[in-house]
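Colleague: Provided below: query.txt, containing compact mmCIF, C-alpha atoms.
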# COMPACT_ATOMS: atom_id res chain seq x y z
CA MET A 1500 -16.27 10.39 -21.35
CA ASP A 1501 -13.70 7.66 -21.94
CA LYS A 1502 -14.54 5.34 -18.99
CA ILE A 1503 -15.11 1.59 -18.92
CA LEU A 1504 -16.79 -0.20 -15.97
CA MET A 1505 -14.78 -3.16 -14.64
CA GLY A 1506 -16.78 -4.20 -11.55
CA PRO A 1507 -15.21 -4.24 -8.08
CA GLN A 1508 -11.44 -4.76 -8.42
CA THR A 1509 -8.45 -4.87 -6.08
CA LEU A 1510 -4.84 -4.78 -7.17
CA ILE A 1511 -5.60 -2.57 -10.12
CA TYR A 1512 -2.62 -0.38 -9.25
CA PRO A 1513 0.89 -1.44 -8.14
CA MET A 1514 1.56 -2.24 -4.49
CA PRO A 1515 4.74 -2.68 -2.42
CA VAL A 1516 5.99 -6.24 -2.01
CA LEU A 1517 6.62 -7.39 1.56
CA LEU A 1518 7.60 -10.60 3.31
CA VAL A 1519 5.39 -11.08 6.33
CA GLY A 1520 6.83 -13.39 8.98
CA ALA A 1521 5.46 -15.31 11.94
CA ASN A 1522 6.51 -18.22 14.06
CA VAL A 1523 4.21 -21.15 13.37
CA TYR A 1524 4.49 -23.87 16.00
CA ASP A 1525 7.66 -22.04 17.11
CA LYS A 1526 9.32 -22.15 13.67
CA PRO A 1527 9.76 -19.07 11.47
CA ASN A 1528 7.73 -18.86 8.27
CA PHE A 1529 7.38 -16.08 5.70
CA MET A 1530 4.88 -15.23 2.99
CA ALA A 1531 4.89 -12.65 0.21
CA VAL A 1532 2.23 -9.99 0.66
CA ALA A 1533 1.12 -7.23 -1.69
CA TRP A 1534 -2.08 -6.57 0.26
CA SER A 1535 -0.74 -4.37 3.00
CA GLY A 1536 -1.28 -0.82 4.13
CA ILE A 1537 -0.22 1.90 6.51
CA ALA A 1538 -2.91 2.11 9.16
CA ASN A 1539 -1.94 4.83 11.65
CA GLY A 1540 0.68 7.48 12.33
CA ALA A 1541 0.87 7.82 16.11
CA PRO A 1542 1.37 5.17 17.26
CA PRO A 1543 2.73 3.76 13.97
CA MET A 1544 0.61 0.87 12.67
CA ILE A 1545 0.51 -1.28 9.58
CA SER A 1546 -2.13 -3.61 8.13
CA VAL A 1547 -1.80 -6.86 6.22
CA ALA A 1548 -4.64 -8.78 4.57
CA ILE A 1549 -4.08 -12.53 4.76
CA ARG A 1550 -6.23 -15.47 3.61
CA HIS A 1551 -7.52 -17.59 6.47
CA ASN A 1552 -5.87 -20.77 5.23
CA ARG A 1553 -2.35 -19.34 5.03
CA TYR A 1554 0.23 -20.91 7.29
CA THR A 1555 1.50 -17.49 8.38
CA HIS A 1556 -2.04 -16.58 9.44
CA LYS A 1557 -1.96 -19.47 11.90
CA GLY A 1558 1.31 -18.24 13.38
CA ILE A 1559 0.06 -14.67 13.75
CA ARG A 1560 -2.96 -15.95 15.70
CA GLN A 1561 -0.74 -18.15 17.86
CA ASN A 1562 1.60 -15.36 18.97
CA LEU A 1563 -0.28 -12.14 18.16
CA THR A 1564 2.95 -10.82 16.69
CA PHE A 1565 4.32 -10.68 13.14
CA SER A 1566 7.12 -9.10 11.17
CA VAL A 1567 7.19 -7.12 7.95
CA ASN A 1568 10.38 -7.46 5.94
CA VAL A 1569 11.06 -5.37 2.83
CA PRO A 1570 12.94 -7.41 0.23
CA SER A 1571 15.20 -5.75 -2.32
CA THR A 1572 15.27 -6.41 -6.05
CA ASP A 1573 18.10 -8.93 -5.63
CA MET A 1574 15.79 -11.06 -3.45
CA VAL A 1575 13.04 -11.33 -6.07
CA ARG A 1576 13.54 -15.10 -6.51
CA GLU A 1577 13.18 -15.78 -2.76
CA THR A 1578 10.27 -13.37 -2.47
CA ASP A 1579 8.34 -15.02 -5.27
CA TYR A 1580 9.12 -18.45 -3.83
CA CYS A 1581 7.62 -17.38 -0.49
CA GLY A 1582 4.48 -16.34 -2.36
CA ILE A 1583 3.96 -19.59 -4.28
CA THR A 1584 4.85 -22.11 -1.55
CA HIS A 1585 2.77 -23.20 1.45
CA GLY A 1586 4.65 -23.11 4.75
CA SER A 1587 3.28 -26.48 5.81
CA LYS A 1588 4.91 -28.13 2.81
CA ALA A 1589 8.40 -26.61 2.74
CA ASN A 1590 10.91 -25.03 5.06
CA LYS A 1591 11.07 -21.67 3.32
CA VAL A 1592 13.81 -20.34 5.60
CA GLU A 1593 16.08 -23.21 4.61
CA VAL A 1594 15.26 -23.11 0.90
CA CYS A 1595 15.73 -19.32 0.74
CA ARG A 1596 18.77 -19.41 3.04
CA PHE A 1597 17.26 -16.63 5.14
CA LYS A 1598 19.28 -15.64 8.19
CA VAL A 1599 16.57 -15.21 10.82
CA PHE A 1600 17.01 -13.00 13.86
CA TYR A 1601 14.78 -11.67 16.62
CA GLY A 1602 14.59 -8.17 18.06
CA LYS A 1603 12.46 -6.58 20.76
CA LEU A 1604 9.68 -9.16 20.44
CA ASP A 1605 10.93 -12.67 20.97
CA ASN A 1606 8.62 -14.38 18.50
CA ALA A 1607 8.46 -12.15 15.41
CA PRO A 1608 11.10 -13.58 13.05
CA LEU A 1609 13.13 -11.08 10.99
CA ILE A 1610 15.14 -11.67 7.81
CA GLU A 1611 18.67 -10.30 8.00
CA GLN A 1612 19.04 -10.07 4.21
CA CYS A 1613 16.00 -7.75 3.91
CA PRO A 1614 17.08 -4.10 4.20
CA ILE A 1615 14.08 -3.16 6.39
CA ASN A 1616 12.42 -5.16 9.17
CA LEU A 1617 9.41 -4.11 11.23
CA GLU A 1618 8.38 -5.89 14.43
CA CYS A 1619 4.62 -5.74 15.02
CA LYS A 1620 2.16 -6.57 17.78
CA VAL A 1621 -1.40 -7.37 16.69
CA VAL A 1622 -3.95 -4.80 17.86
CA HIS A 1623 -6.96 -5.73 15.67
CA ILE A 1624 -8.05 -8.64 13.50
CA LEU A 1625 -11.06 -7.97 11.26
CA ASP A 1626 -12.57 -10.91 9.43
CA LEU A 1627 -13.67 -9.27 6.18
CA GLY A 1628 -14.52 -12.30 4.03
CA SER A 1629 -11.81 -14.15 2.14
CA HIS A 1630 -9.10 -12.41 4.21
CA SER A 1631 -8.41 -11.22 7.73
CA LEU A 1632 -7.26 -7.64 7.96
CA ILE A 1633 -4.59 -7.74 10.64
CA VAL A 1634 -3.57 -4.42 12.14
CA GLY A 1635 -0.26 -4.36 13.98
CA ARG A 1636 1.47 -1.71 16.05
CA ILE A 1637 5.07 -1.29 14.88
CA GLU A 1638 7.26 -1.87 17.94
CA GLU A 1639 10.67 -1.52 16.33
CA THR A 1640 12.23 -0.86 12.91
CA HIS A 1641 15.56 -2.32 11.82
CA ILE A 1642 17.43 -1.09 8.78
CA SER A 1643 20.62 -2.36 7.19
CA GLY A 1644 23.41 0.14 7.79
CA SER A 1645 24.44 -0.16 4.13
CA CYS A 1646 21.03 1.27 3.09
CA LEU A 1647 21.48 4.58 4.92
CA THR A 1648 22.71 7.85 3.45
CA ASP A 1649 23.69 10.44 6.05
CA GLY A 1650 21.88 8.35 8.67
CA LYS A 1651 18.60 8.29 6.72
CA PRO A 1652 17.00 5.36 4.85
CA ASP A 1653 17.70 5.65 1.13
CA ALA A 1654 15.23 4.02 -1.29
CA ASN A 1655 17.95 3.94 -3.94
CA LYS A 1656 19.93 1.57 -1.73
CA ILE A 1657 16.93 -0.32 -0.31
CA LYS A 1658 15.72 -1.06 -3.88
CA PRO A 1659 12.22 -2.23 -2.94
CA LEU A 1660 9.91 -4.13 -5.28
CA THR A 1661 6.42 -3.26 -6.39
CA TYR A 1662 3.94 -5.78 -7.71
CA THR A 1663 1.54 -5.20 -10.56
CA THR A 1664 -1.01 -7.49 -12.18
CA SER A 1665 -1.30 -5.44 -15.31
CA PRO A 1666 -0.31 -5.74 -18.10
CA ALA A 1667 1.06 -8.96 -16.48
CA ASP A 1668 1.92 -10.37 -13.03
CA GLN A 1669 5.28 -8.70 -12.55
CA TYR A 1670 7.66 -7.27 -9.99
CA LEU A 1671 8.92 -3.80 -10.82
CA ALA A 1672 11.75 -1.64 -9.55
CA LEU A 1673 11.31 1.97 -8.48
CA GLY A 1674 11.39 4.47 -11.31
CA GLU A 1675 12.57 7.99 -11.90
CA VAL A 1676 11.78 10.94 -9.68
CA VAL A 1677 8.75 12.76 -11.11
CA ALA A 1678 8.63 15.69 -8.67
CA LYS A 1679 9.34 16.90 -5.16
CA ALA A 1680 6.47 16.31 -2.74
CA PHE A 1681 4.95 19.15 -0.65
CA SER A 1682 6.46 21.44 -3.23
CA ILE A 1683 5.36 21.10 -6.86
CA GLY A 1684 1.69 21.60 -5.86
CA LYS A 1685 2.47 25.11 -4.64
CA GLU A 1686 2.49 26.23 -8.27
CA LEU A 1687 -1.30 25.84 -8.24
CA LYS A 1688 -1.76 27.95 -5.12
CA LYS A 1689 -1.68 31.08 -7.29
CA ARG A 1690 -4.81 29.86 -9.06
CA GLY A 1691 -6.74 29.31 -5.78
CA MET B 1443 25.08 -8.05 11.60
CA ASP B 1444 24.66 -4.75 9.79
CA LYS B 1445 21.40 -3.51 11.38
CA ILE B 1446 20.52 -0.14 12.92
CA LEU B 1447 17.50 0.40 15.18
CA MET B 1448 15.25 3.28 14.11
CA GLY B 1449 12.31 3.00 16.52
CA PRO B 1450 8.75 2.53 15.23
CA GLN B 1451 8.46 3.97 11.71
CA THR B 1452 5.81 4.18 9.00
CA LEU B 1453 6.43 5.19 5.42
CA ILE B 1454 9.88 3.69 5.39
CA TYR B 1455 9.18 2.10 2.01
CA PRO B 1456 7.42 3.65 -1.00
CA MET B 1457 3.62 3.60 -1.21
CA PRO B 1458 1.12 4.23 -4.03
CA VAL B 1459 -0.27 7.76 -4.29
CA LEU B 1460 -4.05 8.07 -4.38
CA LEU B 1461 -6.61 10.86 -4.39
CA VAL B 1462 -9.36 10.03 -1.94
CA GLY B 1463 -12.63 11.85 -2.55
CA ALA B 1464 -15.75 12.56 -0.54
CA ASN B 1465 -18.60 15.00 -0.68
CA VAL B 1466 -18.34 17.39 2.25
CA TYR B 1467 -21.55 19.33 2.84
CA ASP B 1468 -22.60 18.05 -0.62
CA LYS B 1469 -19.53 19.44 -2.40
CA PRO B 1470 -16.73 17.22 -3.76
CA ASN B 1471 -13.34 17.37 -2.07
CA PHE B 1472 -10.16 15.35 -2.62
CA MET B 1473 -7.03 14.67 -0.60
CA ALA B 1474 -3.74 12.96 -1.47
CA VAL B 1475 -3.23 9.73 0.46
CA ALA B 1476 -0.18 7.48 0.67
CA TRP B 1477 -1.51 5.60 3.71
CA SER B 1478 -3.81 3.17 2.03
CA GLY B 1479 -3.99 -0.59 1.71
CA ILE B 1480 -5.80 -3.50 0.14
CA ALA B 1481 -7.97 -5.00 2.86
CA ASN B 1482 -9.85 -7.96 1.40
CA GLY B 1483 -10.24 -10.03 -1.74
CA ALA B 1484 -13.83 -11.25 -1.76
CA PRO B 1485 -15.63 -8.95 -1.49
CA PRO B 1486 -12.94 -6.48 -2.66
CA MET B 1487 -12.11 -3.92 0.02
CA ILE B 1488 -9.60 -1.14 0.47
CA SER B 1489 -8.41 0.80 3.52
CA VAL B 1490 -7.35 4.43 3.92
CA ALA B 1491 -5.85 6.00 7.03
CA ILE B 1492 -6.98 9.60 7.46
CA ARG B 1493 -6.29 12.15 10.19
CA HIS B 1494 -9.36 13.08 12.17
CA ASN B 1495 -9.13 16.78 11.32
CA ARG B 1496 -9.03 16.31 7.54
CA TYR B 1497 -11.92 17.80 5.61
CA THR B 1498 -12.33 14.60 3.58
CA HIS B 1499 -12.69 12.67 6.84
CA LYS B 1500 -15.74 14.76 7.65
CA GLY B 1501 -17.30 13.98 4.28
CA ILE B 1502 -16.67 10.25 4.62
CA ARG B 1503 -18.46 10.27 7.98
CA GLN B 1504 -21.34 12.30 6.55
CA ASN B 1505 -22.05 9.92 3.66
CA LEU B 1506 -20.29 6.67 4.59
CA THR B 1507 -18.97 6.57 1.04
CA PHE B 1508 -15.71 7.65 -0.56
CA SER B 1509 -13.78 7.33 -3.80
CA VAL B 1510 -10.23 6.31 -4.58
CA ASN B 1511 -8.77 7.89 -7.69
CA VAL B 1512 -5.39 6.88 -9.10
CA PRO B 1513 -3.59 9.91 -10.56
CA SER B 1514 -1.04 9.51 -13.34
CA THR B 1515 2.39 11.10 -13.47
CA ASP B 1516 1.06 14.03 -15.53
CA MET B 1517 -1.24 14.93 -12.61
CA VAL B 1518 1.56 15.20 -10.06
CA ARG B 1519 1.04 18.96 -9.61
CA GLU B 1520 -2.68 18.57 -8.84
CA THR B 1521 -2.03 15.56 -6.63
CA ASP B 1522 0.53 17.37 -4.52
CA TYR B 1523 -1.74 20.40 -4.30
CA CYS B 1524 -4.53 18.20 -2.92
CA GLY B 1525 -2.09 16.99 -0.28
CA ILE B 1526 -0.93 20.40 0.92
CA THR B 1527 -4.25 22.26 0.89
CA HIS B 1528 -7.15 22.04 3.36
CA GLY B 1529 -10.54 21.53 1.74
CA SER B 1530 -12.18 24.09 4.01
CA LYS B 1531 -9.86 26.81 2.66
CA ALA B 1532 -9.88 26.22 -1.09
CA ASN B 1533 -12.09 24.71 -3.76
CA LYS B 1534 -9.64 22.04 -4.89
CA VAL B 1535 -11.88 20.84 -7.74
CA GLU B 1536 -11.89 24.32 -9.25
CA VAL B 1537 -8.17 24.98 -8.72
CA CYS B 1538 -7.19 21.58 -10.16
CA ARG B 1539 -9.82 21.78 -12.92
CA PHE B 1540 -11.01 18.29 -12.05
CA LYS B 1541 -13.98 17.05 -14.05
CA VAL B 1542 -16.07 15.35 -11.37
CA PHE B 1543 -18.55 12.59 -12.18
CA TYR B 1544 -20.61 10.11 -10.16
CA GLY B 1545 -21.15 6.41 -10.78
CA LYS B 1546 -23.13 3.75 -8.96
CA LEU B 1547 -23.06 5.60 -5.63
CA ASP B 1548 -24.56 9.03 -5.91
CA ASN B 1549 -22.26 10.74 -3.39
CA ALA B 1550 -18.74 9.41 -4.03
CA PRO B 1551 -17.15 11.98 -6.37
CA LEU B 1552 -14.83 10.62 -9.09
CA ILE B 1553 -12.17 12.47 -11.09
CA GLU B 1554 -12.49 11.95 -14.83
CA GLN B 1555 -8.82 12.79 -15.49
CA CYS B 1556 -7.61 9.98 -13.18
CA PRO B 1557 -7.18 6.74 -15.15
CA ILE B 1558 -8.68 4.61 -12.35
CA ASN B 1559 -11.61 5.38 -10.04
CA LEU B 1560 -12.97 3.16 -7.29
CA GLU B 1561 -16.35 3.78 -5.62
CA CYS B 1562 -16.39 2.61 -2.00
CA LYS B 1563 -18.95 2.11 0.76
CA VAL B 1564 -17.63 2.31 4.33
CA VAL B 1565 -17.81 -1.00 6.21
CA HIS B 1566 -15.55 -0.25 9.21
CA ILE B 1567 -14.00 2.79 10.86
CA LEU B 1568 -11.30 2.02 13.44
CA ASP B 1569 -10.02 4.90 15.52
CA LEU B 1570 -6.36 3.94 15.96
CA GLY B 1571 -4.90 7.14 17.41
CA SER B 1572 -3.85 9.99 15.15
CA HIS B 1573 -5.76 8.46 12.24
CA SER B 1574 -8.98 6.60 11.50
CA LEU B 1575 -8.52 3.45 9.48
CA ILE B 1576 -11.47 3.48 7.11
CA VAL B 1577 -12.26 0.20 5.37
CA GLY B 1578 -14.46 0.45 2.29
CA ARG B 1579 -16.06 -2.16 0.08
CA ILE B 1580 -15.30 -1.43 -3.57
CA GLU B 1581 -18.64 -1.16 -5.34
CA GLU B 1582 -17.44 -0.27 -8.81
CA THR B 1583 -14.21 0.34 -10.72
CA HIS B 1584 -13.92 2.75 -13.63
CA ILE B 1585 -10.93 2.83 -15.95
CA SER B 1586 -10.10 5.16 -18.80
CA GLY B 1587 -10.47 3.31 -22.09
CA SER B 1588 -7.15 4.77 -23.26
CA CYS B 1589 -5.37 2.90 -20.41
CA LEU B 1590 -6.41 -0.57 -21.57
CA THR B 1591 -4.40 -2.97 -23.70
CA ASP B 1592 -6.45 -5.83 -25.14
CA GLY B 1593 -9.21 -4.98 -22.69
CA LYS B 1594 -6.92 -5.17 -19.62
CA PRO B 1595 -5.60 -2.32 -17.46
CA ASP B 1596 -2.04 -1.48 -18.45
CA ALA B 1597 0.23 0.09 -15.81
CA ASN B 1598 2.43 1.49 -18.59
CA LYS B 1599 -0.51 3.60 -19.74
CA ILE B 1600 -1.94 4.31 -16.27
CA LYS B 1601 1.49 5.65 -15.14
CA PRO B 1602 0.75 5.68 -11.38
CA LEU B 1603 2.88 7.53 -8.84
CA THR B 1604 4.60 6.19 -5.76
CA TYR B 1605 5.60 8.32 -2.82
CA THR B 1606 8.78 7.95 -0.83
CA THR B 1607 10.13 9.93 2.10
CA SER B 1608 13.68 8.73 1.66
CA PRO B 1609 16.14 9.94 0.59
CA ALA B 1610 13.67 12.88 0.20
CA ASP B 1611 9.92 13.53 -0.05
CA GLN B 1612 9.41 12.61 -3.68
CA TYR B 1613 6.98 11.17 -6.18
CA LEU B 1614 8.42 8.42 -8.34
CA ALA B 1615 7.33 6.72 -11.55
CA LEU B 1616 7.19 2.95 -11.97
CA GLY B 1617 10.48 1.34 -12.87
CA GLU B 1618 11.72 -1.53 -14.98
CA VAL B 1619 10.37 -5.05 -14.80
CA VAL B 1620 12.57 -7.11 -12.44
CA ALA B 1621 10.92 -10.49 -12.91
CA LYS B 1622 7.70 -12.37 -13.69
CA ALA B 1623 5.60 -13.10 -10.60
CA PHE B 1624 4.44 -16.65 -9.73
CA SER B 1625 7.26 -17.80 -11.94
CA ILE B 1626 10.82 -16.79 -11.02
CA GLY B 1627 10.45 -18.37 -7.57
CA LYS B 1628 9.97 -21.80 -9.13
CA GLU B 1629 13.73 -21.92 -9.68
CA LEU B 1630 14.09 -22.44 -5.92
CA LYS B 1631 11.61 -25.33 -5.81
CA LYS B 1632 14.41 -27.67 -6.85
CA ARG B 1633 16.24 -26.83 -3.62
CA GLY B 1634 13.17 -27.63 -1.44
Taking this structure as input, can you express it in the form of structure tokens?
Modeller:
Amino acid sequence: MDKILMGPQTLIYPMPVLLVGANVYDKPNFMAVAWSGIANGAPPMISVAIRHNRYTHKGIRQNLTFSVNVPSTDMVRETDYCGITHGSKANKVEVCRFKVFYGKLDNAPLIEQCPINLECKVVHILDLGSHSLIVGRIEETHISGSCLTDGKPDANKIKPLTYTTSPADQYLALGEVVAKAFSIGKELKKRG
Amino acid sequence: MDKILMGPQTLIYPMPVLLVGANVYDKPNFMAVAWSGIANGAPPMISVAIRHNRYTHKGIRQNLTFSVNVPSTDMVRETDYCGITHGSKANKVEVCRFKVFYGKLDNAPLIEQCPINLECKVVHILDLGSHSLIVGRIEETHISGSCLTDGKPDANKIKPLTYTTSPADQYLALGEVVAKAFSIGKELKKRG
């Protein structure tokens, strides 16, 4: 068998890149997050894992709300900047020229330039070690009208980023369609 | 502002596709999961959201262990099959011709054909509504030797799948490199 042991590893496969937002001392701040997850279907929930010392973490604890903004490939510079800069040391909104707006929740800052924005209310915070796993109920979803096709979100217009650490720390675009889901697997049903 | 309200939504951006495994009544079973997440850095943890009625869910509760297997694009048929078939009604391992092996944990089944395999011990189960959010500590990582470049995992050899619901339910390959992470954002530091 061709297997090598690597010890416990995270981020060994590519993850979506998100900008998580919170008001910290009443001012909007955003950080880049690759450590997220979908947590529940009904009601819809999302999870984000954030280091205790992050500025955004402080804001999420202050308000018990946060936002999840999906940047597109043309925002890769701003996204990376939000990942390598501490919110206490720079006004990221100003540097990135983000247009911030608010939706249903009045303290979860949203980025107009991001094609998708989720407003979330915290329902659980698990302290797991280096990070808190923050689970939020999605209260509202905003999508840029220009990213819809026939009224439905279109990934080809949203152009989200994925992050991989291997072979190098890189942001990738979405690739080609490999197959139709809930469909190609039916070919194996004959075998069963 | 060009924004449309869509109500609370999950899966509005593409997610990695994983095969989550568990022994159910001592027999290996696998399901396709797009609702996963990275939950913690140190110690490394991962989360998976699984419907209560799934067969794999039963196995995870029986053993308090599970596996996460990363399928490559050439396993898209098997992966989709594991998503559309209930483990109580078919022997998925047999149909998919998976070679199952065990690592450090003796009851978290791993798929040899998948380039990456994580062995996990359950540390939390949160019942969030339709799904349980299961948080597992990664105990060991296995990678196929053929997917390494200079001893490091190489996404170009692993060829993972992402799943999107929009514009249609599809599996996608990884795309082109957009930019170097922890690097391109520095260009904005001058502005700060």
Colleague: Counting only C-alpha atoms, which residue out of A:Gly1628, A:Lys1620, A:Met1514, A:Gly1602 sits closest to Ser1478 in chain B?
Modeller: A:Met1514
Colleague: Using all atoms listed in the file, pick whichever of A:Asn1568, A:Asn1606, A:Asn1539, A:Thr1661 has the shortest atom-to-atom distance to chain B.
Modeller: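 Of A:Asn1568, A:Asn1606, A:Asn1539, A:Thr1661, the one nearest chain B, counting all atoms listed in the file, is A:Asn1539.
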Colleague: Please return, as a ChimeraX atom specification, all residues of chain A lying within 6 Å of chain B when all atoms listed in the file are considered.
Modeller: /A:1501-1507,1509,1534-1541,1543,1548,1576,1579-1580,1594,1628-1630,1632,1637-1644,1652-1654,1665-1666,1668-1680,1683-1684,1690-1691
Colleague: Take CA of Thr1564 in chain A and CA of His1494 in chain B and report the distance between them in Å, one decimal.
Modeller: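 Spanning CA of Thr1564 in chain A to CA of His1494 in chain B is a straight-line distance of 27.3 Å.
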Colleague: Would you compute the box with edges along x, y and z of the file around range 1473-1482 of chain B, including every atom the file lists for it and 3 Å extra on each side, and give its centre and edge lengths in Å to one decimal, as lines of an AutoDock Vina configuration file?
Modeller:
center_x = -5.0
center_y = 3.4
center_z = 1.1
size_x = 15.7
size_y = 28.6
size_z = 11.2
Colleague: For Arg1560 in chain A, list every protein, DNA or RNA residue within 10 Å, evaluated using only C-alpha atoms, and leave out those in the same chain fewer than 3 positions away; present the list as a VMD selection string.
Modeller: chain A and resid 1521 to 1523 1555 to 1557 1563 to 1565 1621 1624 1633
Colleague: For CA of Val1592 in chain A and CA of Gly1635 in chain A, determine how far apart the two atoms are, in Å to one decimal place.
Modeller: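 Pair CA of Val1592 in chain A / CA of Gly1635 in chain A returns 22.9 Å.
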